[in-house]
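Content type PDB, C-alpha atoms, from the file final.pdb:
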MODEL        1
ATOM      1  CA  MET N1005      76.371 117.145  81.293
ATOM      2  CA  THR N1006      79.464 117.323  83.509
ATOM      3  CA  ALA N1007      81.945 114.477  83.024
ATOM      4  CA  PRO N1008      82.511 112.312  86.115
ATOM      5  CA  ARG N1009      85.748 113.019  87.965
ATOM      6  CA  TYR N1010      88.146 110.156  88.530
ATOM      7  CA  ASP N1011      91.241 109.910  90.678
ATOM      8  CA  VAL N1012      92.916 107.552  88.196
ATOM      9  CA  LEU N1013      92.275 106.717  84.543
ATOM     10  CA  VAL N1014      94.098 103.788  82.955
ATOM     11  CA  LEU N1015      94.574 103.741  79.189
ATOM     12  CA  GLY N1016      95.578 100.427  77.693
ATOM     13  CA  GLU N1017      94.895  96.832  76.849
ATOM     14  CA  VAL N1018      92.872  94.163  78.641
ATOM     15  CA  LEU N1019      93.724  90.572  77.806
ATOM     16  CA  VAL N1020      92.172  87.172  78.267
ATOM     17  CA  GLU N1021      94.666  85.193  80.343
ATOM     18  CA  ILE N1022      94.962  81.424  79.905
ATOM     19  CA  HIS N1023      97.104  79.980  82.673
ATOM     20  CA  ALA N1024      98.604  76.603  81.787
ATOM     21  CA  GLY N1025      99.102  74.050  84.516
ATOM     22  CA  THR N1026     102.548  73.095  83.245
ATOM     23  CA  ALA N1027     105.563  74.519  81.445
ATOM     24  CA  LEU N1028     104.529  75.385  77.910
ATOM     25  CA  ARG N1029     107.112  73.069  76.372
ATOM     26  CA  ASP N1030     105.483  70.206  78.322
ATOM     27  CA  ALA N1031     101.900  71.115  77.393
ATOM     28  CA  ALA N1032     100.203  68.092  75.895
ATOM     29  CA  ASP N1033      96.745  67.117  74.763
ATOM     30  CA  GLY N1034      94.548  67.448  77.845
ATOM     31  CA  THR N1035      96.810  69.795  79.818
ATOM     32  CA  ALA N1036      94.667  71.712  82.305
ATOM     33  CA  ALA N1037      94.359  75.498  81.937
ATOM     34  CA  ARG N1038      92.600  78.304  83.823
ATOM     35  CA  ILE N1039      90.959  81.378  82.248
ATOM     36  CA  SER N1040      91.229  84.758  83.929
ATOM     37  CA  TYR N1041      91.651  88.374  82.835
ATOM     38  CA  SER N1042      94.757  90.545  82.897
ATOM     39  CA  GLY N1043      96.837  92.878  80.739
ATOM     40  CA  ASP N1044      98.932  95.684  82.194
ATOM     41  CA  ALA N1045      96.035  98.169  82.081
ATOM     42  CA  LEU N1046      93.614  95.956  84.003
ATOM     43  CA  ASN N1047      96.305  94.949  86.505
ATOM     44  CA  ALA N1048      97.163  98.587  87.237
ATOM     45  CA  ALA N1049      93.519  99.680  87.331
ATOM     46  CA  ALA N1050      92.622  96.933  89.792
ATOM     47  CA  ALA N1051      95.505  97.953  92.055
ATOM     48  CA  ALA N1052      94.544 101.627  91.889
ATOM     49  CA  ALA N1053      90.950 100.828  92.818
ATOM     50  CA  ALA N1054      92.065  98.614  95.701
ATOM     51  CA  ALA N1055      94.261 101.470  96.937
ATOM     52  CA  GLY N1056      91.200 103.669  97.319
ATOM     53  CA  ALA N1057      91.164 105.611  94.056
ATOM     54  CA  ARG N1058      88.066 106.113  91.956
ATOM     55  CA  THR N1059      89.333 104.386  88.837
ATOM     56  CA  ALA N1060      88.094 103.962  85.271
ATOM     57  CA  LEU N1061      89.422 101.924  82.388
ATOM     58  CA  LEU N1062      89.855 103.508  78.956
ATOM     59  CA  THR N1063      90.146 100.742  76.399
ATOM     60  CA  VAL N1064      88.481  98.992  73.485
ATOM     61  CA  VAL N1065      87.120  95.478  73.890
ATOM     62  CA  GLY N1066      85.933  93.079  71.254
ATOM     63  CA  ASP N1067      82.667  91.600  70.153
ATOM     64  CA  ASP N1068      83.432  88.016  71.098
ATOM     65  CA  GLU N1069      81.728  86.110  73.900
ATOM     66  CA  LEU N1070      84.557  86.737  76.352
ATOM     67  CA  SER N1071      83.892  90.486  76.502
ATOM     68  CA  VAL N1072      81.032  89.978  78.958
ATOM     69  CA  PRO N1073      83.023  88.093  81.625
ATOM     70  CA  LEU N1074      86.036  90.314  80.928
ATOM     71  CA  LEU N1075      84.124  93.491  81.770
ATOM     72  CA  ARG N1076      82.347  91.774  84.638
ATOM     73  CA  ARG N1077      85.718  90.859  86.155
ATOM     74  CA  ALA N1078      86.940  94.452  85.828
ATOM     75  CA  ALA N1079      83.822  95.665  87.637
ATOM     76  CA  GLU N1080      84.322  93.060  90.376
ATOM     77  CA  LEU N1081      87.781  94.545  90.885
ATOM     78  CA  GLY N1082      86.238  97.968  91.502
ATOM     79  CA  VAL N1083      87.080  99.453  88.095
ATOM     80  CA  ASP N1084      84.522 101.580  86.240
ATOM     81  CA  THR N1085      84.014 100.242  82.702
ATOM     82  CA  ALA N1086      81.339 102.737  81.651
ATOM     83  CA  HIS N1087      83.648 104.453  79.146
ATOM     84  CA  VAL N1088      84.988 101.325  77.420
ATOM     85  CA  HIS N1089      84.478 101.267  73.637
ATOM     86  CA  ARG N1090      83.703  98.262  71.444
ATOM     87  CA  ALA N1091      85.162  97.100  68.147
ATOM     88  CA  PRO N1092      84.214  94.235  65.803
ATOM     89  CA  ARG N1093      87.462  92.426  66.624
ATOM     90  CA  PRO N1094      88.434  89.610  68.992
ATOM     91  CA  ASN N1095      89.923  90.393  72.371
ATOM     92  CA  GLY N1096      93.645  89.850  72.742
ATOM     93  CA  ALA N1097      94.765  86.819  74.729
ATOM     94  CA  TYR N1098      97.871  85.185  76.084
ATOM     95  CA  LEU N1099      98.930  81.785  77.349
ATOM     96  CA  LEU N1100     101.010  81.869  80.513
ATOM     97  CA  SER N1101     103.046  79.394  82.485
ATOM     98  CA  ALA N1102     104.696  80.561  85.705
ATOM     99  CA  ASP N1103     106.620  79.051  88.583
ATOM    100  CA  PRO N1104     107.161  80.355  92.146
ATOM    101  CA  ASP N1105     110.799  81.203  91.421
ATOM    102  CA  GLY N1106     109.760  83.897  88.978
ATOM    103  CA  GLY N1107     110.232  81.974  85.747
ATOM    104  CA  ARG N1108     107.499  82.764  83.248
ATOM    105  CA  GLU N1109     106.656  81.833  79.668
ATOM    106  CA  PHE N1110     104.189  83.711  77.470
ATOM    107  CA  VAL N1111     102.546  83.191  74.086
ATOM    108  CA  TYR N1112     100.440  86.151  72.894
ATOM    109  CA  TRP N1113      97.593  86.511  70.391
ATOM    110  CA  ARG N1114      96.993  90.233  69.978
ATOM    111  CA  THR N1115      97.489  91.055  66.282
ATOM    112  CA  HIS N1116      94.401  92.936  65.024
ATOM    113  CA  SER N1117      92.867  92.729  68.505
ATOM    114  CA  ALA N1118      90.144  95.095  69.650
ATOM    115  CA  ALA N1119      92.586  96.985  71.887
ATOM    116  CA  SER N1120      94.893  97.604  68.936
ATOM    117  CA  THR N1121      92.187  99.854  67.454
ATOM    118  CA  LEU N1122      92.764 102.445  70.210
ATOM    119  CA  SER N1123      93.282 105.773  68.494
ATOM    120  CA  PRO N1124      93.392 109.550  69.007
ATOM    121  CA  ALA N1125      89.699 109.562  68.050
ATOM    122  CA  HIS N1126      88.948 107.588  71.208
ATOM    123  CA  VAL N1127      91.020 110.023  73.229
ATOM    124  CA  GLU N1128      89.035 112.893  71.730
ATOM    125  CA  ALA N1129      85.856 111.293  73.070
ATOM    126  CA  TRP N1130      87.494 110.844  76.480
ATOM    127  CA  LEU N1131      88.920 114.385  76.697
ATOM    128  CA  PRO N1132      86.431 115.619  79.342
ATOM    129  CA  LEU N1133      87.407 112.656  81.539
ATOM    130  CA  LEU N1134      91.133 113.172  80.973
ATOM    131  CA  ALA N1135      90.940 116.897  81.666
ATOM    132  CA  GLY N1136      89.207 116.256  84.984
ATOM    133  CA  CYS N1137      91.205 113.310  86.336
ATOM    134  CA  ARG N1138      93.974 113.496  88.892
ATOM    135  CA  ALA N1139      96.199 110.889  87.248
ATOM    136  CA  LEU N1140      96.627 108.820  84.093
ATOM    137  CA  ILE N1141      98.445 105.491  83.817
ATOM    138  CA  THR N1142      99.593 104.210  80.434
ATOM    139  CA  SER N1143     102.465 102.196  79.005
ATOM    140  CA  GLY N1144     104.829 101.368  76.200
ATOM    141  CA  ILE N1145     102.877  98.167  75.594
ATOM    142  CA  THR N1146      99.792 100.213  74.754
ATOM    143  CA  GLY N1147     101.833 102.455  72.484
ATOM    144  CA  ALA N1148     103.273  99.456  70.644
ATOM    145  CA  LEU N1149      99.974  97.822  69.699
ATOM    146  CA  SER N1150      99.478  99.916  66.543
ATOM    147  CA  PRO N1151     100.237 103.368  65.144
ATOM    148  CA  GLY N1152      96.800 104.470  66.333
ATOM    149  CA  SER N1153      97.370 103.255  69.878
ATOM    150  CA  ARG N1154     100.692 105.058  69.946
ATOM    151  CA  GLY N1155      98.902 108.257  68.977
ATOM    152  CA  ALA N1156      96.344 107.601  71.708
ATOM    153  CA  VAL N1157      99.047 107.286  74.377
ATOM    154  CA  VAL N1158     100.675 110.564  73.377
ATOM    155  CA  ALA N1159      97.364 112.438  73.036
ATOM    156  CA  ALA N1160      96.078 111.219  76.409
ATOM    157  CA  ALA N1161      99.347 112.036  78.184
ATOM    158  CA  ARG N1162      99.365 115.527  76.676
ATOM    159  CA  ALA N1163      95.765 116.146  77.743
ATOM    160  CA  VAL N1164      96.330 115.126  81.372
ATOM    161  CA  HIS N1165      99.653 116.956  81.600
ATOM    162  CA  ALA N1166      98.115 120.140  80.180
ATOM    163  CA  ALA N1167      95.307 119.945  82.743
ATOM    164  CA  GLY N1168      97.799 119.666  85.613
ATOM    165  CA  GLY N1169      97.282 115.960  86.316
ATOM    166  CA  LEU N1170      99.893 113.322  87.043
ATOM    167  CA  VAL N1171     100.990 111.104  84.143
ATOM    168  CA  THR N1172     102.475 107.718  85.093
ATOM    169  CA  TYR N1173     104.257 105.843  82.324
ATOM    170  CA  ASP N1174     105.809 102.385  82.254
ATOM    171  CA  PRO N1175     107.949 101.819  79.118
ATOM    172  CA  ASN N1176     107.454  98.059  79.623
ATOM    173  CA  HIS N1177     109.519  97.210  76.546
ATOM    174  CA  ARG N1178     108.494  94.002  74.793
ATOM    175  CA  PRO N1179     110.950  93.079  71.988
ATOM    176  CA  ARG N1180     108.399  90.767  70.357
ATOM    177  CA  LEU N1181     105.954  93.651  70.115
ATOM    178  CA  THR N1182     108.119  96.574  69.060
ATOM    179  CA  GLY N1183     111.686  97.478  68.119
ATOM    180  CA  ARG N1184     114.067  99.510  70.245
ATOM    181  CA  ALA N1185     113.979 102.518  67.933
ATOM    182  CA  GLU N1186     110.183 102.756  68.084
ATOM    183  CA  ALA N1187     110.128 102.292  71.867
ATOM    184  CA  ARG N1188     112.794 104.957  72.338
ATOM    185  CA  SER N1189     110.933 107.362  70.093
ATOM    186  CA  LEU N1190     107.721 106.954  72.107
ATOM    187  CA  LEU N1191     109.651 107.314  75.361
ATOM    188  CA  ALA N1192     111.165 110.586  74.137
ATOM    189  CA  GLU N1193     107.667 111.949  73.432
ATOM    190  CA  VAL N1194     106.065 110.841  76.676
ATOM    191  CA  ALA N1195     108.876 111.309  79.220
ATOM    192  CA  PRO N1196     108.607 115.132  79.349
ATOM    193  CA  LEU N1197     104.912 114.741  80.221
ATOM    194  CA  THR N1198     105.549 112.172  82.937
ATOM    195  CA  GLY N1199     105.359 112.808  86.670
ATOM    196  CA  LEU N1200     106.208 109.195  87.574
ATOM    197  CA  LEU N1201     108.071 106.842  85.269
ATOM    198  CA  LYS N1202     108.254 103.252  86.470
ATOM    199  CA  THR N1203     110.754 101.013  84.714
ATOM    200  CA  SER N1204     112.778  97.829  85.122
ATOM    201  CA  CYS N1205     116.505  97.307  85.114
ATOM    202  CA  PRO N1206     118.217  95.713  83.333
ATOM    203  CA  ALA N1207     115.392  94.694  80.954
ATOM    204  CA  ASP N1208     113.928  98.088  80.016
ATOM    205  CA  ALA N1209     117.033 100.093  80.824
ATOM    206  CA  LEU N1210     119.386  98.185  78.543
ATOM    207  CA  ALA N1211     116.996  98.457  75.614
ATOM    208  CA  LEU N1212     115.951 102.062  76.114
ATOM    209  CA  VAL N1213     118.762 103.959  77.859
ATOM    210  CA  ASP N1214     121.798 101.701  77.277
ATOM    211  CA  THR N1215     122.666 100.792  80.853
ATOM    212  CA  ALA N1216     122.280  97.962  83.371
ATOM    213  CA  ASP N1217     122.922 100.275  86.319
ATOM    214  CA  PRO N1218     119.720 101.435  88.078
ATOM    215  CA  ALA N1219     121.082 104.826  89.174
ATOM    216  CA  THR N1220     122.406 105.614  85.718
ATOM    217  CA  ALA N1221     119.117 104.494  84.190
ATOM    218  CA  ALA N1222     117.120 106.766  86.492
ATOM    219  CA  ALA N1223     119.350 109.720  85.648
ATOM    220  CA  ARG N1224     118.958 109.107  81.925
ATOM    221  CA  TYR N1225     115.173 108.844  82.148
ATOM    222  CA  ARG N1226     115.127 112.092  84.107
ATOM    223  CA  ALA N1227     117.324 113.699  81.466
ATOM    224  CA  LEU N1228     114.591 112.830  78.964
ATOM    225  CA  GLY N1229     112.139 114.841  81.067
ATOM    226  CA  ALA N1230     110.555 112.446  83.567
ATOM    227  CA  ARG N1231     110.102 114.193  86.907
ATOM    228  CA  THR N1232     110.392 111.126  89.183
ATOM    229  CA  VAL N1233     111.710 107.685  88.243
ATOM    230  CA  ALA N1234     111.155 104.381  90.050
ATOM    231  CA  VAL N1235     113.462 101.588  88.899
ATOM    232  CA  THR N1236     112.735  97.993  89.882
ATOM    233  CA  ALA N1237     116.046  96.157  89.994
ATOM    234  CA  GLY N1238     115.224  92.554  90.825
ATOM    235  CA  PRO N1239     112.741  91.198  93.362
ATOM    236  CA  ASP N1240     114.264  92.858  96.419
ATOM    237  CA  ARG N1241     115.184  96.444  95.587
ATOM    238  CA  LEU N1242     113.707  99.586  94.068
ATOM    239  CA  LEU N1243     115.554 102.808  93.312
ATOM    240  CA  LEU N1244     113.634 106.079  93.524
ATOM    241  CA  ASP N1245     115.081 109.222  91.946
ATOM    242  CA  ASP N1246     113.016 112.385  92.454
ATOM    243  CA  GLY N1247     115.638 114.816  91.210
ATOM    244  CA  THR N1248     116.949 115.666  94.666
ATOM    245  CA  ARG N1249     118.433 112.279  95.447
ATOM    246  CA  ALA N1250     118.411 108.677  94.307
ATOM    247  CA  VAL N1251     117.833 106.151  97.099
ATOM    248  CA  TYR N1252     117.035 102.460  97.328
ATOM    249  CA  HIS N1253     113.803 101.547  99.068
ATOM    250  CA  PRO N1254     113.376  98.261 100.965
ATOM    251  CA  VAL N1255     111.196  95.686  99.256
ATOM    252  CA  PRO N1256     109.492  93.073 101.433
ATOM    253  CA  VAL N1257     109.813  89.627  99.879
ATOM    254  CA  ASP N1258     106.780  87.357 100.003
ATOM    255  CA  PRO N1259     107.806  84.109 101.745
ATOM    256  CA  ALA N1260     105.523  81.975  99.559
ATOM    257  CA  PRO N1261     105.443  83.446  96.032
ATOM    258  CA  VAL N1262     103.219  81.811  93.442
ATOM    259  CA  ASP N1263     103.454  84.040  90.359
ATOM    260  CA  THR N1264     105.106  87.421  89.753
ATOM    261  CA  THR N1265     102.882  88.274  86.765
ATOM    262  CA  GLY N1266     101.498  91.792  87.148
ATOM    263  CA  ALA N1267     103.559  92.712  90.221
ATOM    264  CA  GLY N1268     105.055  95.738  88.475
ATOM    265  CA  ASP N1269     101.603  96.860  87.351
ATOM    266  CA  CYS N1270     100.369  96.469  90.921
ATOM    267  CA  PHE N1271     103.158  98.782  92.079
ATOM    268  CA  THR N1272     102.301 101.326  89.402
ATOM    269  CA  GLY N1273      98.575 101.326  90.097
ATOM    270  CA  THR N1274      98.972 101.514  93.859
ATOM    271  CA  ALA N1275     101.656 104.210  93.900
ATOM    272  CA  THR N1276      99.773 106.348  91.362
ATOM    273  CA  ALA N1277      96.527 106.012  93.291
ATOM    274  CA  ARG N1278      98.130 107.091  96.549
ATOM    275  CA  LEU N1279      99.807 110.069  94.873
ATOM    276  CA  ALA N1280      96.472 111.060  93.333
ATOM    277  CA  LEU N1281      94.881 110.844  96.782
ATOM    278  CA  GLY N1282      97.505 113.144  98.284
ATOM    279  CA  ASP N1283     100.067 110.845  99.888
ATOM    280  CA  PRO N1284     103.696 112.013  99.997
ATOM    281  CA  LEU N1285     105.950 110.339  97.431
ATOM    282  CA  ALA N1286     107.778 108.150  99.963
ATOM    283  CA  ARG N1287     104.545 106.701 101.370
ATOM    284  CA  ALA N1288     102.994 106.219  97.943
ATOM    285  CA  VAL N1289     106.068 104.288  96.808
ATOM    286  CA  ALA N1290     106.129 102.238 100.015
ATOM    287  CA  CYS N1291     102.494 101.320  99.443
ATOM    288  CA  GLY N1292     103.252 100.393  95.844
ATOM    289  CA  VAL N1293     106.122  98.166  96.877
ATOM    290  CA  ALA N1294     104.031  96.509  99.593
ATOM    291  CA  ALA N1295     101.097  95.833  97.256
ATOM    292  CA  ALA N1296     103.392  94.384  94.601
ATOM    293  CA  SER N1297     104.995  92.079  97.172
ATOM    294  CA  LEU N1298     101.615  90.844  98.382
ATOM    295  CA  SER N1299     100.335  90.350  94.832
ATOM    296  CA  VAL N1300     102.787  87.558  94.009
ATOM    297  CA  ALA N1301     100.868  85.209  96.313
ATOM    298  CA  GLY N1302      98.169  84.926  93.635
ATOM    299  CA  ARG N1303      98.144  83.298  90.231
ATOM    300  CA  GLY N1304      97.858  85.528  87.186
ATOM    301  CA  GLY N1305      97.843  89.284  86.743
ATOM    302  CA  THR N1306      94.788  89.917  88.922
ATOM    303  CA  GLY N1307      94.789  86.720  90.954
ATOM    304  CA  ARG N1308      95.781  88.543  94.140
ATOM    305  CA  VAL N1309      94.915  92.228  94.470
ATOM    306  CA  PRO N1310      95.548  93.046  98.134
ATOM    307  CA  ALA N1311      93.096  95.146 100.128
ATOM    308  CA  PHE N1312      94.528  98.517 101.067
ATOM    309  CA  THR N1313      94.338  97.777 104.795
ATOM    310  CA  GLU N1314      96.788  94.929 104.228
ATOM    311  CA  THR N1315      98.971  97.005 101.927
ATOM    312  CA  ALA N1316      99.103  99.943 104.337
ATOM    313  CA  ALA N1317      99.981  97.713 107.283
ATOM    314  CA  LEU N1318     102.934  96.220 105.419
ATOM    315  CA  ALA N1319     104.054  99.596 104.037
ATOM    316  CA  ALA N1320     104.038 101.135 107.536
ATOM    317  CA  ARG N1321     106.919  98.855 108.478
ATOM    318  CA  PHE N1322     109.138 100.453 105.820
ATOM    319  CA  VAL N1323     108.278 104.177 105.863
TER     320      VAL N1323
ENDMDL
END
Could you render the structure from this file as structure tokens?
Amino acid sequence: MTAPRYDVLVLGEVLVEIHAGTALRDAADGTAARISYSGDALNAAAAAAAAGARTALLTVVGDDELSVPLLRRAAELGVDTAHVHRAPRPNGAYLLSADPDGGREFVYWRTHSAASTLSPAHVEAWLPLLAGCRALITSGITGALSPGSRGAVVAAARAVHAAGGLVTYDPNHRPRLTGRAEARSLLAEVAPLTGLLKTSCPADALALVDTADPATAAARYRALGARTVAVTAGPDRLLLDDGTRAVYHPVPVDPAPVDTTGAGDCFTGTATARLALGDPLARAVACGVAAASLSVAGRGGTGRVPAFTETAALAARFV
């Protein structure tokens, strides 16, 4: 049987998101909270699907009661969950408090989660999908969940790269999840396989390439082997370095932001989808920036996934 062909596959973690109605330090008995579903993989997959790409999620979910609504939410977002595996573990979760000015607080519960069981064995089962896809999105968060998940990231990236597909990688360094040495080691393995590396500065760049300067960071990531680097440097600017030049792209600022959670993932998913569908780099990046800007009007990682008609209209003003 021929494996289905996808424009974009996303390898990573899906999380239960619990959004507190107040700052976490002020949370008291009876504080209201809202359950939704997020994680960088789901955020990026939802954005890719909204951007018009046939998208599937490659992950492992748990055996707890929340797996049913979790997968149902992914399907509602247009993401194919047919290839998701199960494990006798709980799903990972996090508690979030955010304010419109961009301040966010997180508490995670992901040790021994279902997603942490991702392994090269899963990738082996997904090889026909990976060999036939146009693009793969994965991240440093996924690689930091466990030694097995790190092996899965590398194996999946190698498979897609070898088949001529685009690999998009976001180092997404989380100091509470992994050390700098481990994150740098994974980056060194994946960067040469990467067609688009999306990163933040100064957060990722200081930890991984020892600089707070976006242009220097992009050059250092490219020296590691990444073909094109997109560096988010605050809410209003993005540097794109494709090896021929490094230029800042305009970033529209939402006039009424609610929550910036998942905005970077929205950029990654949208830009990768448009590249997979044949858009030139400049338009794909403009679409990614536009979608990310629109996404901050919603609460949580997938609270606002803009329709592509809206994204394209905003992007057209900046291309």
On this file, the PyMOL selection byres ((chain N and resi 1023) around 7) gives some set of residues; write that set as a compact mmCIF listing (two decimals) with C-alpha atoms, in the coordinates of the input.
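What ended up in selection_23.txt:
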# COMPACT_ATOMS: atom_id res chain seq x y z
CA GLU N 1021 94.67 85.19 80.34
CA ILE N 1022 94.96 81.42 79.90
CA ALA N 1024 98.60 76.60 81.79
CA GLY N 1025 99.10 74.05 84.52
CA ALA N 1037 94.36 75.50 81.94
CA ARG N 1038 92.60 78.30 83.82
CA ILE N 1039 90.96 81.38 82.25
CA LEU N 1099 98.93 81.78 77.35
CA LEU N 1100 101.01 81.87 80.51
CA SER N 1101 103.05 79.39 82.48
Translate the PyMOL selection byres ((chain N and resi 1204) around 10) into a concrete residue list for this structure, as a short mmCIF file (atom, residue, chain, number, x, y, z; two decimals) with C-alpha atoms, keeping the file's coordinate frame.
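Saved result, part.cif, follows:
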data_model
loop_
_atom_site.label_atom_id
_atom_site.label_comp_id
_atom_site.auth_asym_id
_atom_site.auth_seq_id
_atom_site.Cartn_x
_atom_site.Cartn_y
_atom_site.Cartn_z
CA ASP N 1174 105.81 102.38 82.25
CA PRO N 1175 107.95 101.82 79.12
CA ASN N 1176 107.45 98.06 79.62
CA HIS N 1177 109.52 97.21 76.55
CA LYS N 1202 108.25 103.25 86.47
CA THR N 1203 110.75 101.01 84.71
CA CYS N 1205 116.50 97.31 85.11
CA PRO N 1206 118.22 95.71 83.33
CA ALA N 1207 115.39 94.69 80.95
CA ASP N 1208 113.93 98.09 80.02
CA ALA N 1209 117.03 100.09 80.82
CA LEU N 1210 119.39 98.18 78.54
CA ALA N 1216 122.28 97.96 83.37
CA PRO N 1218 119.72 101.44 88.08
CA ALA N 1221 119.12 104.49 84.19
CA ALA N 1234 111.16 104.38 90.05
CA VAL N 1235 113.46 101.59 88.90
CA THR N 1236 112.74 97.99 89.88
CA ALA N 1237 116.05 96.16 89.99
CA GLY N 1238 115.22 92.55 90.82
CA LEU N 1242 113.71 99.59 94.07
CA LEU N 1243 115.55 102.81 93.31
CA GLY N 1268 105.06 95.74 88.48
#
Taking the file as shown, find all residues satisfying the PyMOL selection byres ((chain N and resi 1089) around 6) and write them as a PDB file with C-alpha atoms, in the frame of the given file.
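In the end it all went to expr09.pdb:
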ATOM      1  CA  VAL N1064      88.481  98.992  73.485  1.00  0.00           C
ATOM      2  CA  VAL N1088      84.988 101.325  77.420  1.00  0.00           C
ATOM      3  CA  ARG N1090      83.703  98.262  71.444  1.00  0.00           C
TER       4      ARG N1090
END
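Interatomic distance, CA of Asp1030 in chain N to CA of Leu1074 in chain N: 28.1 Å.
We find CA of Leu1191 in chain N and CA of Ala1055 in chain N to be spaced 27.1 Å apart.
For Gly1169 in chain N, the non-local neighbours within 7 Å, defined as residues at least 3 positions apart in the same chain or in other chains and counting all atoms listed in the file, are Cys1137, Arg1138, Ala1139, Val1164 and His1165 of chain N.
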Shell around Arg1308 in chain N at 8 Å using all atoms listed in the file, local window under 6 positions removed, as an MDAnalysis selection string | chainID N and resid 1298:1302
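Our summary of the geometry notes that CA of Gly1155 in chain N is positioned 6.2 Å from CA of Ser1123 in chain N.
With distances restricted to all atoms listed in the file, N:Tyr1041 is the closest residue to Ser1071 in chain N from N:Tyr1112, N:Tyr1252, N:Tyr1041, N:Tyr1173.
In this comparison, which uses all atoms listed in the file, the residue of N:Ala1267, N:Ala1050, N:Val1293, N:Leu1170 approaching Arg1231 in chain N most closely is N:Leu1170.
The nearest approach to Leu1070 in chain N among the residues N:Gly1096, N:Gly1082, N:Gly1043, N:Gly1266, with all atoms listed in the file taken into account, belongs to N:Gly1096.
Across N:Ala1091, N:Leu1190, N:Val1014, N:Val1111, the tightest approach to Arg1029 in chain N is made by N:Val1111 when counting all atoms listed in the file.
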With only C-alpha atoms counted, which protein, DNA or RNA residues have an atom no more than 8 Å from (101.2, 102.8, 94.3) in the file frame? Please answer as a list in words.
-> Ala1051, Ala1052, Ala1055, Cys1270, Phe1271, Thr1272, Gly1273, Thr1274, Ala1275, Thr1276, Ala1277, Arg1278, Leu1279, Ala1288, Val1289, Ala1290, Cys1291, Gly1292, Val1293 and Ala1295 of chain N
Do a neighbour search on Leu1131 in chain N at 10 Å with all atoms listed in the file, toss out local chain neighbours closer than 2 positions, and write the hits as an mmCIF file with C-alpha atoms, in the frame of the given file.
data_model
loop_
_atom_site.group_PDB
_atom_site.id
_atom_site.type_symbol
_atom_site.label_atom_id
_atom_site.label_comp_id
_atom_site.auth_asym_id
_atom_site.auth_seq_id
_atom_site.Cartn_x
_atom_site.Cartn_y
_atom_site.Cartn_z
ATOM 1 C CA ALA N 1007 81.945 114.477 83.024
ATOM 2 C CA ALA N 1125 89.699 109.562 68.050
ATOM 3 C CA HIS N 1126 88.948 107.588 71.208
ATOM 4 C CA VAL N 1127 91.020 110.023 73.229
ATOM 5 C CA GLU N 1128 89.035 112.893 71.730
ATOM 6 C CA ALA N 1129 85.856 111.293 73.070
ATOM 7 C CA LEU N 1133 87.407 112.656 81.539
ATOM 8 C CA LEU N 1134 91.133 113.172 80.973
ATOM 9 C CA ALA N 1135 90.940 116.897 81.666
ATOM 10 C CA GLY N 1136 89.207 116.256 84.984
ATOM 11 C CA CYS N 1137 91.205 113.310 86.336
ATOM 12 C CA ALA N 1159 97.364 112.438 73.036
ATOM 13 C CA ALA N 1160 96.078 111.219 76.409
ATOM 14 C CA ALA N 1163 95.765 116.146 77.743
ATOM 15 C CA VAL N 1164 96.330 115.126 81.372
#
